[in-house]
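Visitor: To be precise about what I am sending: the file is called protein-v4.csv and holds CSV, C-alpha atoms and all ligand atoms.
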chain,number,residue,atom,x,y,z
A,1,MET,CA,-24.2,-138.2,129.4
A,2,SER,CA,-25.8,-135.2,130.9
A,3,ASN,CA,-27.1,-132.0,129.3
A,4,ILE,CA,-24.5,-129.2,129.2
A,5,PRO,CA,-25.9,-125.6,129.2
A,6,TYR,CA,-24.2,-123.0,127.0
A,7,SER,CA,-23.9,-120.8,130.1
A,8,CYS,CA,-24.6,-121.1,133.7
A,9,GLN,CA,-24.6,-118.7,136.7
A,10,ASN,CA,-22.1,-119.2,139.4
A,11,ILE,CA,-23.7,-118.7,142.8
A,12,THR,CA,-21.8,-119.5,146.0
A,13,ASP,CA,-22.9,-119.7,149.7
A,14,ASP,CA,-21.2,-116.3,150.2
A,15,ASP,CA,-23.4,-114.8,147.4
A,16,ILE,CA,-26.5,-116.2,149.1
A,17,GLU,CA,-25.4,-115.0,152.5
A,18,SER,CA,-24.8,-111.5,151.3
A,19,VAL,CA,-28.3,-111.3,149.8
A,20,VAL,CA,-29.8,-112.7,153.0
A,21,ALA,CA,-27.9,-110.2,155.1
A,22,THR,CA,-29.3,-107.4,153.0
A,23,LEU,CA,-32.8,-108.8,153.3
A,24,ARG,CA,-32.4,-108.7,157.1
A,25,SER,CA,-31.0,-105.1,156.9
A,26,GLU,CA,-32.8,-101.8,157.0
A,27,TYR,CA,-32.6,-101.2,153.2
A,28,LEU,CA,-33.9,-103.3,150.4
A,29,THR,CA,-33.4,-100.5,147.9
A,30,GLN,CA,-31.8,-97.1,147.8
A,31,GLY,CA,-29.5,-98.1,150.7
A,32,PRO,CA,-25.7,-98.4,151.2
A,33,SER,CA,-25.2,-101.6,149.1
A,34,ILE,CA,-25.6,-99.6,145.9
A,35,ALA,CA,-22.8,-97.2,146.5
A,36,ALA,CA,-20.6,-100.0,147.9
A,37,PHE,CA,-21.1,-102.0,144.7
A,38,GLU,CA,-20.5,-99.0,142.5
A,39,SER,CA,-17.3,-98.1,144.1
A,40,ALA,CA,-16.0,-101.7,144.1
A,41,PHE,CA,-16.8,-102.0,140.4
A,42,ALA,CA,-15.2,-98.6,139.7
A,43,ASP,CA,-12.0,-99.6,141.6
A,44,ARG,CA,-11.8,-102.9,139.8
A,45,HIS,CA,-12.2,-101.2,136.4
A,46,GLN,CA,-9.9,-98.3,137.3
A,47,VAL,CA,-12.5,-95.7,136.5
A,48,LYS,CA,-13.8,-92.7,138.5
A,49,PHE,CA,-17.5,-93.3,138.3
A,50,ALA,CA,-19.9,-96.2,138.1
A,51,VAL,CA,-23.7,-95.8,138.1
A,52,ALA,CA,-25.7,-99.0,138.8
A,53,VAL,CA,-29.0,-99.5,137.0
A,54,SER,CA,-31.8,-102.0,136.7
A,55,ASN,CA,-30.3,-103.6,133.6
A,56,ALA,CA,-27.9,-102.8,130.8
A,57,THR,CA,-30.7,-101.8,128.4
A,58,ALA,CA,-31.7,-99.1,130.9
A,59,GLY,CA,-28.0,-98.1,131.1
A,60,LEU,CA,-27.7,-97.8,127.3
A,61,HIS,CA,-30.9,-95.7,127.2
A,62,ILE,CA,-29.8,-93.2,129.8
A,63,ALA,CA,-26.3,-93.1,128.4
A,64,CYS,CA,-27.8,-92.0,125.1
A,65,LEU,CA,-30.0,-89.4,126.9
A,66,ALA,CA,-27.0,-88.1,129.0
A,67,LEU,CA,-25.3,-87.4,125.6
A,68,GLY,CA,-28.3,-85.5,124.4
A,69,VAL,CA,-29.5,-88.1,121.9
A,70,GLY,CA,-33.0,-87.3,120.9
A,71,LYS,CA,-35.3,-86.7,117.9
A,72,GLY,CA,-33.1,-85.9,114.9
A,73,SER,CA,-30.0,-87.6,116.3
A,74,ARG,CA,-28.2,-90.3,114.5
A,75,VAL,CA,-26.8,-93.3,116.4
A,76,TRP,CA,-24.7,-96.1,114.8
A,77,THR,CA,-24.0,-99.5,116.3
A,78,SER,CA,-22.9,-103.0,115.3
A,79,PRO,CA,-25.5,-105.3,113.7
A,80,ASN,CA,-23.8,-108.3,115.5
A,81,SER,CA,-25.3,-107.6,118.9
A,82,PHE,CA,-28.3,-108.0,121.1
A,83,LEU,CA,-31.3,-105.9,120.2
A,84,ALA,CA,-30.7,-103.4,123.1
A,85,SER,CA,-27.6,-101.9,121.4
A,86,ALA,CA,-29.9,-100.4,118.8
A,87,ASN,CA,-33.2,-100.1,120.6
A,88,CYS,CA,-31.7,-97.7,123.2
A,89,ALA,CA,-31.4,-95.0,120.4
A,90,LEU,CA,-34.9,-95.6,119.2
A,91,TYR,CA,-36.2,-95.1,122.7
A,92,CYS,CA,-34.8,-91.5,122.5
A,93,GLY,CA,-36.5,-90.9,119.1
A,94,ALA,CA,-33.2,-91.1,117.3
A,95,THR,CA,-32.5,-92.7,113.9
A,96,VAL,CA,-30.4,-95.9,114.1
A,97,ASP,CA,-27.9,-97.2,111.5
A,98,PHE,CA,-25.3,-99.9,111.5
A,99,VAL,CA,-21.7,-100.4,110.7
A,100,ASP,CA,-20.7,-103.8,109.4
A,101,ILE,CA,-18.3,-106.0,111.3
A,102,ASP,CA,-14.8,-107.1,110.8
A,103,PRO,CA,-15.1,-110.8,110.1
A,104,THR,CA,-12.0,-111.7,112.1
A,105,THR,CA,-12.9,-109.9,115.4
A,106,ARG,CA,-16.7,-109.9,114.8
A,107,ASN,CA,-16.7,-106.4,116.2
A,108,MET,CA,-17.5,-103.2,114.4
A,109,SER,CA,-15.0,-102.8,111.6
A,110,VAL,CA,-12.9,-99.6,111.9
A,111,GLN,CA,-12.4,-99.5,108.1
A,112,ALA,CA,-16.2,-99.7,107.5
A,113,LEU,CA,-16.7,-97.1,110.1
A,114,ALA,CA,-14.1,-94.7,108.6
A,115,ARG,CA,-15.7,-95.2,105.1
A,116,LYS,CA,-19.2,-94.6,106.4
A,117,LEU,CA,-18.2,-91.5,108.3
A,118,GLU,CA,-16.5,-90.0,105.2
A,119,GLU,CA,-19.6,-90.6,103.2
A,120,ALA,CA,-21.9,-89.2,106.0
A,121,LYS,CA,-19.7,-86.1,106.2
A,122,ARG,CA,-20.1,-85.5,102.4
A,123,GLN,CA,-23.9,-85.9,102.8
A,124,GLY,CA,-24.1,-83.9,106.1
A,125,CYS,CA,-25.5,-86.7,108.2
A,126,LEU,CA,-22.7,-87.6,110.7
A,127,PRO,CA,-23.8,-89.6,113.7
A,128,GLN,CA,-23.9,-88.0,117.2
A,129,VAL,CA,-23.1,-91.3,119.0
A,130,VAL,CA,-21.5,-94.5,118.0
A,131,ILE,CA,-22.1,-97.6,120.1
A,132,PRO,CA,-19.4,-100.3,119.4
A,133,VAL,CA,-20.0,-103.6,121.1
A,134,ASP,CA,-17.3,-105.9,122.7
A,135,PHE,CA,-18.8,-109.0,121.1
A,136,SER,CA,-18.2,-112.2,123.1
A,137,GLY,CA,-16.0,-110.1,125.5
A,138,LEU,CA,-13.3,-109.2,123.0
A,139,PRO,CA,-12.7,-105.4,123.4
A,140,CYS,CA,-13.3,-103.5,120.1
A,141,ASP,CA,-10.7,-101.2,118.5
A,142,LEU,CA,-11.5,-98.3,120.8
A,143,ARG,CA,-8.3,-96.4,120.3
A,144,GLU,CA,-9.0,-96.2,116.5
A,145,ILE,CA,-12.6,-95.4,117.2
A,146,ARG,CA,-11.6,-92.6,119.6
A,147,MET,CA,-9.4,-91.1,116.8
A,148,LEU,CA,-12.4,-91.1,114.5
A,149,ALA,CA,-14.6,-89.7,117.2
A,150,ASP,CA,-12.2,-86.8,117.7
A,151,ARG,CA,-12.0,-86.2,114.0
A,152,TYR,CA,-15.8,-86.4,113.2
A,153,GLY,CA,-17.2,-85.2,116.4
A,154,PHE,CA,-19.2,-88.1,117.7
A,155,ARG,CA,-19.4,-89.5,121.2
A,156,ILE,CA,-18.8,-93.2,122.1
A,157,ILE,CA,-20.9,-95.5,124.3
A,158,GLU,CA,-19.2,-98.8,124.5
A,159,ASP,CA,-21.6,-101.7,124.9
A,160,ALA,CA,-19.4,-103.7,127.3
A,161,SER,CA,-22.2,-106.1,128.3
A,162,HIS,CA,-20.0,-109.1,127.5
A,163,ALA,CA,-16.8,-107.6,128.7
A,164,THR,CA,-16.7,-107.5,132.5
A,165,GLY,CA,-13.1,-108.4,133.3
A,166,ALA,CA,-11.7,-107.8,129.8
A,167,SER,CA,-8.8,-105.5,129.2
A,168,TYR,CA,-7.5,-103.4,126.3
A,169,LEU,CA,-4.1,-101.8,126.0
A,170,ASP,CA,-3.3,-103.0,129.6
A,171,LYS,CA,-6.2,-101.4,131.2
A,172,PRO,CA,-9.6,-102.8,132.2
A,173,VAL,CA,-12.4,-102.2,129.7
A,174,GLY,CA,-14.6,-99.3,130.8
A,175,SER,CA,-11.9,-97.0,131.9
A,176,ASP,CA,-10.5,-95.2,128.9
A,177,TRP,CA,-11.5,-94.4,125.3
A,178,ALA,CA,-15.2,-94.5,125.5
A,179,ASP,CA,-17.3,-91.6,127.0
A,180,MET,CA,-19.3,-94.3,128.8
A,181,SER,CA,-19.2,-98.1,129.0
A,182,VAL,CA,-22.3,-100.1,129.8
A,183,PHE,CA,-22.0,-103.6,131.5
A,184,SER,CA,-24.8,-106.2,131.9
A,185,PHE,CA,-25.4,-108.4,135.0
A,186,HIS,CA,-28.1,-110.5,133.5
A,187,ALA,CA,-28.1,-114.1,134.8
A,188,VAL,CA,-26.1,-115.4,131.8
A,189,LYS,CA,-23.5,-112.7,131.9
A,190,ILE,CA,-20.0,-112.9,133.6
A,191,VAL,CA,-21.0,-111.3,136.9
A,192,THR,CA,-24.7,-111.5,137.7
A,193,THR,CA,-27.3,-109.6,139.8
A,194,ALA,CA,-30.1,-111.6,138.1
A,195,GLU,CA,-31.0,-108.5,136.3
A,196,GLY,CA,-28.8,-105.4,136.4
A,197,GLY,CA,-26.3,-103.2,134.8
A,198,ILE,CA,-23.8,-100.4,135.4
A,199,VAL,CA,-22.5,-97.5,133.4
A,200,THR,CA,-18.9,-96.4,133.9
A,201,THR,CA,-17.4,-93.0,133.0
A,202,GLN,CA,-14.5,-90.7,133.8
A,203,ASP,CA,-16.7,-87.7,133.4
A,204,ALA,CA,-18.3,-86.3,136.7
A,205,LYS,CA,-21.0,-84.4,134.8
A,206,LEU,CA,-22.1,-87.4,132.8
A,207,ALA,CA,-22.1,-89.5,136.0
A,208,ARG,CA,-24.4,-87.0,137.7
A,209,GLN,CA,-26.7,-87.0,134.6
A,210,LEU,CA,-26.9,-90.8,134.8
A,211,GLN,CA,-27.7,-90.7,138.5
A,212,LEU,CA,-30.5,-88.2,137.9
A,213,LEU,CA,-31.9,-90.1,134.9
A,214,ARG,CA,-32.0,-93.4,136.7
A,215,SER,CA,-34.3,-91.9,139.4
A,216,HIS,CA,-36.9,-89.6,137.9
A,217,GLY,CA,-34.6,-86.7,137.2
A,218,MET,CA,-34.9,-85.9,140.9
A,219,THR,CA,-32.5,-84.3,143.3
A,220,ARG,CA,-32.4,-83.5,147.1
A,221,ASP,CA,-28.9,-82.0,147.0
A,222,PRO,CA,-29.3,-78.5,148.4
A,223,GLY,CA,-26.4,-77.3,146.2
A,224,GLU,CA,-28.4,-78.4,143.1
A,225,LEU,CA,-31.8,-76.9,143.9
A,226,THR,CA,-32.9,-74.2,141.5
A,227,VAL,CA,-35.5,-72.7,143.8
A,228,ALA,CA,-34.8,-71.8,147.5
A,229,PRO,CA,-36.3,-74.8,149.4
A,230,GLU,CA,-39.4,-74.3,151.6
A,231,GLY,CA,-38.0,-76.9,153.9
A,232,PRO,CA,-35.7,-79.9,154.4
A,233,TRP,CA,-38.3,-82.2,152.7
A,234,VAL,CA,-37.9,-80.6,149.3
A,235,TYR,CA,-36.9,-82.5,146.2
A,236,GLU,CA,-36.8,-81.1,142.7
A,237,GLN,CA,-37.5,-82.8,139.4
A,238,GLN,CA,-35.1,-81.2,137.0
A,239,LEU,CA,-35.4,-83.5,133.9
A,240,LEU,CA,-37.6,-86.4,132.8
A,241,GLY,CA,-36.0,-89.5,134.3
A,242,PHE,CA,-37.1,-93.0,135.0
A,243,ASN,CA,-37.1,-95.6,137.7
A,244,TYR,CA,-34.1,-97.5,136.5
A,245,ARG,CA,-32.7,-98.2,139.9
A,246,MET,CA,-30.9,-101.4,141.0
A,247,THR,CA,-32.0,-102.8,144.4
A,248,ASP,CA,-29.8,-103.4,147.4
A,249,LEU,CA,-30.4,-107.1,147.1
A,250,GLN,CA,-29.0,-107.1,143.6
A,251,ALA,CA,-26.1,-104.8,144.6
A,252,ALA,CA,-25.2,-107.1,147.5
A,253,LEU,CA,-25.1,-110.1,145.1
A,254,GLY,CA,-23.1,-108.1,142.6
A,255,GLN,CA,-20.5,-107.1,145.2
A,256,SER,CA,-20.1,-110.7,146.4
A,257,GLN,CA,-19.8,-111.9,142.7
A,258,LEU,CA,-17.3,-109.2,141.9
A,259,LYS,CA,-14.9,-110.5,144.5
A,260,ARG,CA,-14.6,-113.7,142.4
A,261,LEU,CA,-14.2,-111.9,139.1
A,262,PRO,CA,-10.5,-112.6,138.7
A,263,GLU,CA,-10.9,-116.3,139.5
A,264,MET,CA,-14.0,-116.6,137.2
A,265,HIS,CA,-12.1,-114.8,134.5
A,266,ARG,CA,-9.1,-117.1,134.8
A,267,SER,CA,-11.3,-120.2,134.4
A,268,ARG,CA,-13.1,-118.7,131.4
A,269,LEU,CA,-9.7,-118.0,129.9
A,270,ALA,CA,-8.4,-121.5,130.6
A,271,TRP,CA,-11.5,-123.1,129.0
A,272,ALA,CA,-11.2,-120.9,126.0
A,273,ARG,CA,-7.5,-121.8,125.5
A,274,ARG,CA,-8.4,-125.5,125.9
A,275,TYR,CA,-11.1,-125.1,123.1
A,276,ASP,CA,-8.6,-123.2,121.0
A,277,ASP,CA,-6.2,-126.1,121.3
A,278,LYS,CA,-8.6,-129.0,121.0
A,279,LEU,CA,-10.7,-127.6,118.1
A,280,ALA,CA,-7.8,-126.5,116.0
A,281,GLN,CA,-8.0,-129.5,113.6
A,282,LEU,CA,-11.8,-129.2,113.0
A,283,PRO,CA,-13.3,-127.3,110.0
A,284,LEU,CA,-14.1,-124.3,112.2
A,285,VAL,CA,-13.1,-120.7,112.4
A,286,LEU,CA,-12.2,-120.1,116.0
A,287,PRO,CA,-12.4,-116.8,117.9
A,288,MET,CA,-9.5,-114.5,117.4
A,289,SER,CA,-6.9,-113.5,120.0
A,290,LEU,CA,-5.1,-110.3,119.7
A,291,PRO,CA,-1.9,-109.3,121.6
A,292,ASP,CA,-3.2,-105.9,122.8
A,293,ARG,CA,-6.4,-107.1,124.5
A,294,VAL,CA,-7.7,-109.9,126.7
A,295,SER,CA,-11.2,-111.1,126.1
A,296,ALA,CA,-13.6,-111.7,128.9
A,297,HIS,CA,-14.7,-114.9,127.1
A,298,HIS,CA,-18.4,-114.4,127.7
A,299,LEU,CA,-19.0,-116.5,124.7
A,300,TYR,CA,-17.0,-119.0,122.8
A,301,ALA,CA,-18.4,-118.7,119.3
A,302,VAL,CA,-17.1,-120.8,116.4
A,303,GLU,CA,-18.0,-120.6,112.7
A,304,ILE,CA,-18.6,-123.7,110.6
A,305,ASP,CA,-16.1,-123.3,107.7
A,306,GLY,CA,-18.1,-124.1,104.6
A,307,GLU,CA,-14.9,-124.6,102.6
A,308,ARG,CA,-13.8,-127.5,104.7
A,309,THR,CA,-17.1,-129.2,105.5
A,310,ASP,CA,-20.4,-129.7,103.8
A,311,ARG,CA,-22.2,-129.8,107.1
A,312,SER,CA,-24.3,-126.7,107.5
A,313,ARG,CA,-24.7,-124.7,110.7
A,314,ALA,CA,-28.3,-126.0,111.0
A,315,ASP,CA,-27.0,-129.6,110.8
A,316,VAL,CA,-24.3,-129.1,113.4
A,317,PHE,CA,-26.6,-127.2,115.7
A,318,ALA,CA,-29.3,-129.9,115.5
A,319,ALA,CA,-26.7,-132.7,116.0
A,320,LEU,CA,-25.2,-131.0,119.1
A,321,ARG,CA,-28.6,-130.3,120.7
A,322,GLY,CA,-29.5,-133.9,120.0
A,323,MET,CA,-26.4,-135.0,121.9
A,324,GLY,CA,-27.4,-132.8,124.9
A,325,ILE,CA,-25.0,-129.9,124.2
A,326,GLY,CA,-26.7,-126.6,124.9
A,327,VAL,CA,-25.4,-124.6,121.9
A,328,ASN,CA,-26.8,-121.3,121.0
A,329,VAL,CA,-26.5,-118.7,118.2
A,330,HIS,CA,-25.3,-115.1,118.8
A,331,TYR,CA,-26.5,-113.0,117.0
A,332,ILE,CA,-29.2,-112.7,114.4
A,333,PRO,CA,-28.1,-109.4,112.9
A,334,ILE,CA,-30.3,-106.7,114.4
A,335,HIS,CA,-31.1,-105.1,111.0
A,336,ILE,CA,-32.9,-108.3,109.7
A,337,GLN,CA,-35.3,-108.4,112.6
A,338,PRO,CA,-38.9,-107.6,111.3
A,339,TYR,CA,-39.0,-104.4,113.4
A,340,TYR,CA,-35.9,-103.2,111.7
A,341,THR,CA,-36.8,-104.3,108.1
A,342,ALA,CA,-40.0,-102.3,108.7
A,343,LEU,CA,-37.7,-99.3,109.2
A,344,GLY,CA,-36.2,-99.9,105.8
A,345,PHE,CA,-33.2,-102.2,106.5
A,346,ARG,CA,-32.7,-105.2,104.2
A,347,ARG,CA,-30.9,-108.5,104.1
A,348,GLY,CA,-27.6,-107.8,102.3
A,349,ASP,CA,-27.1,-104.4,103.9
A,350,PHE,CA,-24.4,-105.7,106.2
A,351,PRO,CA,-23.0,-108.8,104.5
A,352,ALA,CA,-20.1,-109.6,107.0
A,353,ALA,CA,-22.5,-109.7,109.9
A,354,GLU,CA,-25.0,-111.8,107.9
A,355,ARG,CA,-22.3,-114.2,106.7
A,356,TYR,CA,-21.0,-114.6,110.3
A,357,TYR,CA,-24.5,-115.2,111.6
A,358,GLY,CA,-25.1,-117.9,108.9
A,359,ARG,CA,-22.1,-119.9,110.2
A,360,ALA,CA,-22.0,-119.2,113.9
A,361,ILE,CA,-22.5,-121.5,116.9
A,362,SER,CA,-21.8,-120.6,120.6
A,363,LEU,CA,-20.4,-123.5,122.5
A,364,PRO,CA,-20.9,-124.0,126.3
A,365,LEU,CA,-18.5,-122.0,128.4
A,366,PHE,CA,-18.9,-121.1,132.0
A,367,PRO,CA,-16.5,-121.1,135.0
A,368,ALA,CA,-17.8,-124.2,136.8
A,369,MET,CA,-17.6,-126.3,133.6
A,370,THR,CA,-15.6,-129.5,134.0
A,371,GLU,CA,-12.9,-131.0,131.8
A,372,ALA,CA,-15.2,-134.0,131.2
A,373,GLN,CA,-18.0,-131.7,130.1
A,374,GLN,CA,-15.7,-129.8,127.8
A,375,ASP,CA,-14.4,-133.1,126.3
A,376,GLN,CA,-18.0,-134.1,125.7
A,377,VAL,CA,-18.6,-130.9,123.8
A,378,ILE,CA,-15.4,-131.4,121.7
A,379,THR,CA,-16.2,-135.1,120.9
A,380,ALA,CA,-19.8,-134.2,120.0
A,381,LEU,CA,-18.6,-131.4,117.7
A,382,GLY,CA,-16.2,-133.7,116.0
A,383,GLN,CA,-19.0,-136.2,115.4
A,384,ALA,CA,-21.4,-133.5,114.2
A,385,LEU,CA,-18.9,-132.2,111.7
A,386,SER,CA,-17.9,-135.6,110.3
A,387,HIS,CA,-21.2,-137.1,109.2
A,401,LIG,C1,-27.2,-108.8,127.5
A,401,LIG,C2,-26.9,-107.6,126.6
A,401,LIG,C3,-27.6,-106.4,126.6
A,401,LIG,C4,-28.7,-106.1,127.5
A,401,LIG,O1,-28.5,-106.4,128.8
A,401,LIG,P1,-29.7,-106.4,129.9
A,401,LIG,O2,-28.9,-106.3,131.2
A,401,LIG,O3,-30.3,-107.8,129.8
A,401,LIG,O4,-30.6,-105.3,129.6
A,401,LIG,C5,-27.1,-105.4,125.8
A,401,LIG,N1,-26.2,-105.6,124.9
A,401,LIG,C6,-25.6,-106.8,124.8
A,401,LIG,C7,-24.5,-107.0,123.8
A,401,LIG,C8,-25.9,-107.9,125.6
A,401,LIG,O5,-25.4,-109.1,125.5
Can you present the structure in this file as structure tokens?
Ligand SMILES: *Cc1c(COP(=O)(O)O)cnc(C)c1O
Guide:
Amino acid sequence: MSNIPYSCQNITDDDIESVVATLRSEYLTQGPSIAAFESAFADRHQVKFAVAVSNATAGLHIACLALGVGKGSRVWTSPNSFLASANCALYCGATVDFVDIDPTTRNMSVQALARKLEEAKRQGCLPQVVIPVDFSGLPCDLREIRMLADRYGFRIIEDASHATGASYLDKPVGSDWADMSVFSFHAVKIVTTAEGGIVTTQDAKLARQLQLLRSHGMTRDPGELTVAPEGPWVYEQQLLGFNYRMTDLQAALGQSQLKRLPEMHRSRLAWARRYDDKLAQLPLVLPMSLPDRVSAHHLYAVEIDGERTDRSRADVFAALRGMGIGVNVHYIPIHIQPYYTALGFRRGDFPAAERYYGRAISLPLFPAMTEAQQDQVITALGQALSH
């Protein structure tokens, strides 16, 4: 019996060759691979613009800035996410709050959002931006969130870090509904550039803001200069940006990986269906499927159903790790992190996210997994739950 990781990057000889070819080329960064990767990603996601960045956290940060988030702004996100979904707003000096999850989808609850907006409207403290998260790769209820955005006047940044390859209402995630969608290419994610991210949008002005913000707020475009240039060397800094650029090595890897996205997505889907089938009899709550969306299956997260077993999550987790199964837990609700409790959040503030966290385990799922490995996980889980 071998150890099985919860996730594992999928690197082929073609991936390696495309990085090596870039290493031998003229540009290691700020070269042609970036634009090629951006346009391939935009095509695949049926969206006009894609802006590659150094990581998704950087993408979330500049997406907030592009929407004018700053001191005095309010940003709401899901507590069932990675820290970056909330930290990005704090970087801008904004105030963060959370909207509890729907326990069936584990994504931000539209009902909870609608209630909280109504309350905020009465108190005059509506958010400027809401950041829903496609947890595990299952697209959130973006059509309903868009209706609320139009009604209450907030903008939407979709944290689609888990959702490369997912679709919602028959279109790829990242194309419609949100003002911007942010994807991650961290090594454990669906497509990887080791570290990296991309922001998609249909809005040319936002795309240009993102391009400026990722590289020092600096332009060389003669049409954009505010002062008549002294010479062809002139560049102008027009706002306070950062160095959040992706390298050409990363973009070359991303482009090569992206070619295999349909095939990698198909195998994730097949492994997820097989888990659905083989785990149905165990005392677990399995991930939800919905007819109007296709998950990217970045994670396969199950909940230990306390009504049908007396085994705790901690018991099951320890037993699985003991049997060489690389399980994980996603996520500790952001608001109970010490940094956030110091800001005034408390346990009990978002009970659905906390209850989910108390019962959740992410099982191994990655394209190159074998049937034998998956069977090993299923058998181990059955044993862990039965004694
Ligand atoms: C991975 C992840 C991020 C951050 O991505 P990086 O590319 O590592 O910065 C943000 N949000 C979610 C939901 C993630 O899973």
Visitor: Which one is closest to Met323 (chain A): A:Leu210, A:Gly382, A:Lys205, A:Gly231? Count all atoms listed in the file.
Guide: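 Nearest candidate to Met323 (chain A) out of A:Leu210, A:Gly382, A:Lys205, A:Gly231: A:Gly382.
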Visitor: May I have the residues within 12 Å of Gln281 (chain A) as a PDB file with C-alpha atoms, in the frame of the given file, using only C-alpha atoms and disregarding those fewer than 6 positions away in the same chain?
Guide:
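So the final result, stored in part.pdb, reads:
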ATOM      1  CA  TYR A 275     -11.100-125.100 123.100  1.00  0.00           C
ATOM      2  CA  ASP A 305     -16.100-123.300 107.700  1.00  0.00           C
ATOM      3  CA  ARG A 308     -13.800-127.500 104.700  1.00  0.00           C
ATOM      4  CA  ILE A 378     -15.400-131.400 121.700  1.00  0.00           C
ATOM      5  CA  LEU A 381     -18.600-131.400 117.700  1.00  0.00           C
ATOM      6  CA  GLY A 382     -16.200-133.700 116.000  1.00  0.00           C
ATOM      7  CA  LEU A 385     -18.900-132.200 111.700  1.00  0.00           C
TER       8      LEU A 385
END
Visitor: Give me, as a Markdown table, each residue of chain A that comes within 8 Å of ligand LIG 401 (chain A), together with its shortest interatomic pair and the distance in Å at one decimal, counting only C-alpha atoms and all ligand atoms, with rows ordered by chain and rising residue number.
Guide:
| residue | atom | partner | partner_atom | distance |
| --- | --- | --- | --- | --- |
| A:Ser54 | CA | A:LIG401 | O2 | 7.6 |
| A:Asn55 | CA | A:LIG401 | O2 | 3.9 |
| A:Ala56 | CA | A:LIG401 | O2 | 3.7 |
| A:Thr57 | CA | A:LIG401 | O4 | 3.7 |
| A:Ala58 | CA | A:LIG401 | O4 | 6.4 |
| A:Gly59 | CA | A:LIG401 | O4 | 7.8 |
| A:Leu60 | CA | A:LIG401 | C5 | 7.8 |
| A:Ser81 | CA | A:LIG401 | C7 | 5.0 |
| A:Phe82 | CA | A:LIG401 | C6 | 4.7 |
| A:Leu83 | CA | A:LIG401 | N1 | 6.9 |
| A:Ala84 | CA | A:LIG401 | C5 | 4.9 |
| A:Ser85 | CA | A:LIG401 | N1 | 5.3 |
| A:Val133 | CA | A:LIG401 | C7 | 6.3 |
| A:Asp134 | CA | A:LIG401 | C7 | 7.4 |
| A:Phe135 | CA | A:LIG401 | C7 | 6.6 |
| A:Asp159 | CA | A:LIG401 | N1 | 6.0 |
| A:Ala160 | CA | A:LIG401 | C7 | 7.0 |
| A:Ser161 | CA | A:LIG401 | C8 | 4.9 |
| A:His162 | CA | A:LIG401 | O5 | 5.8 |
| A:Phe183 | CA | A:LIG401 | O2 | 7.4 |
| A:Ser184 | CA | A:LIG401 | O2 | 4.2 |
| A:Phe185 | CA | A:LIG401 | O2 | 5.6 |
| A:His186 | CA | A:LIG401 | O2 | 4.9 |
| A:Val188 | CA | A:LIG401 | C1 | 8.0 |
| A:Lys189 | CA | A:LIG401 | C1 | 6.9 |
| A:Glu195 | CA | A:LIG401 | O2 | 5.9 |
| A:Gly196 | CA | A:LIG401 | O2 | 5.3 |
| A:Gly197 | CA | A:LIG401 | O2 | 5.4 |
Visitor: What's around Val302 (chain A) at 6 Å? Count all atoms listed in the file, leave out sequence neighbours fewer than 5 positions away in its own chain, and write the answer as a list in words.
Guide: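 After dropping sequence-adjacent residues, the list is Val285, Leu286, Ala360 and Ile361 of chain A.
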Visitor: Nearest to Ser136 (chain A) among A:Asn87, A:Ala40, A:Asn107, A:Ser386, with distances taken over all atoms listed in the file: which residue is it?
Guide: A:Asn107
Visitor: Any idea what the distance is between CA of Ile34 (chain A) and CA of Ala52 (chain A)?
Guide: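 Going from CA of Ile34 (chain A) over to CA of Ala52 (chain A) covers 7.1 Å.
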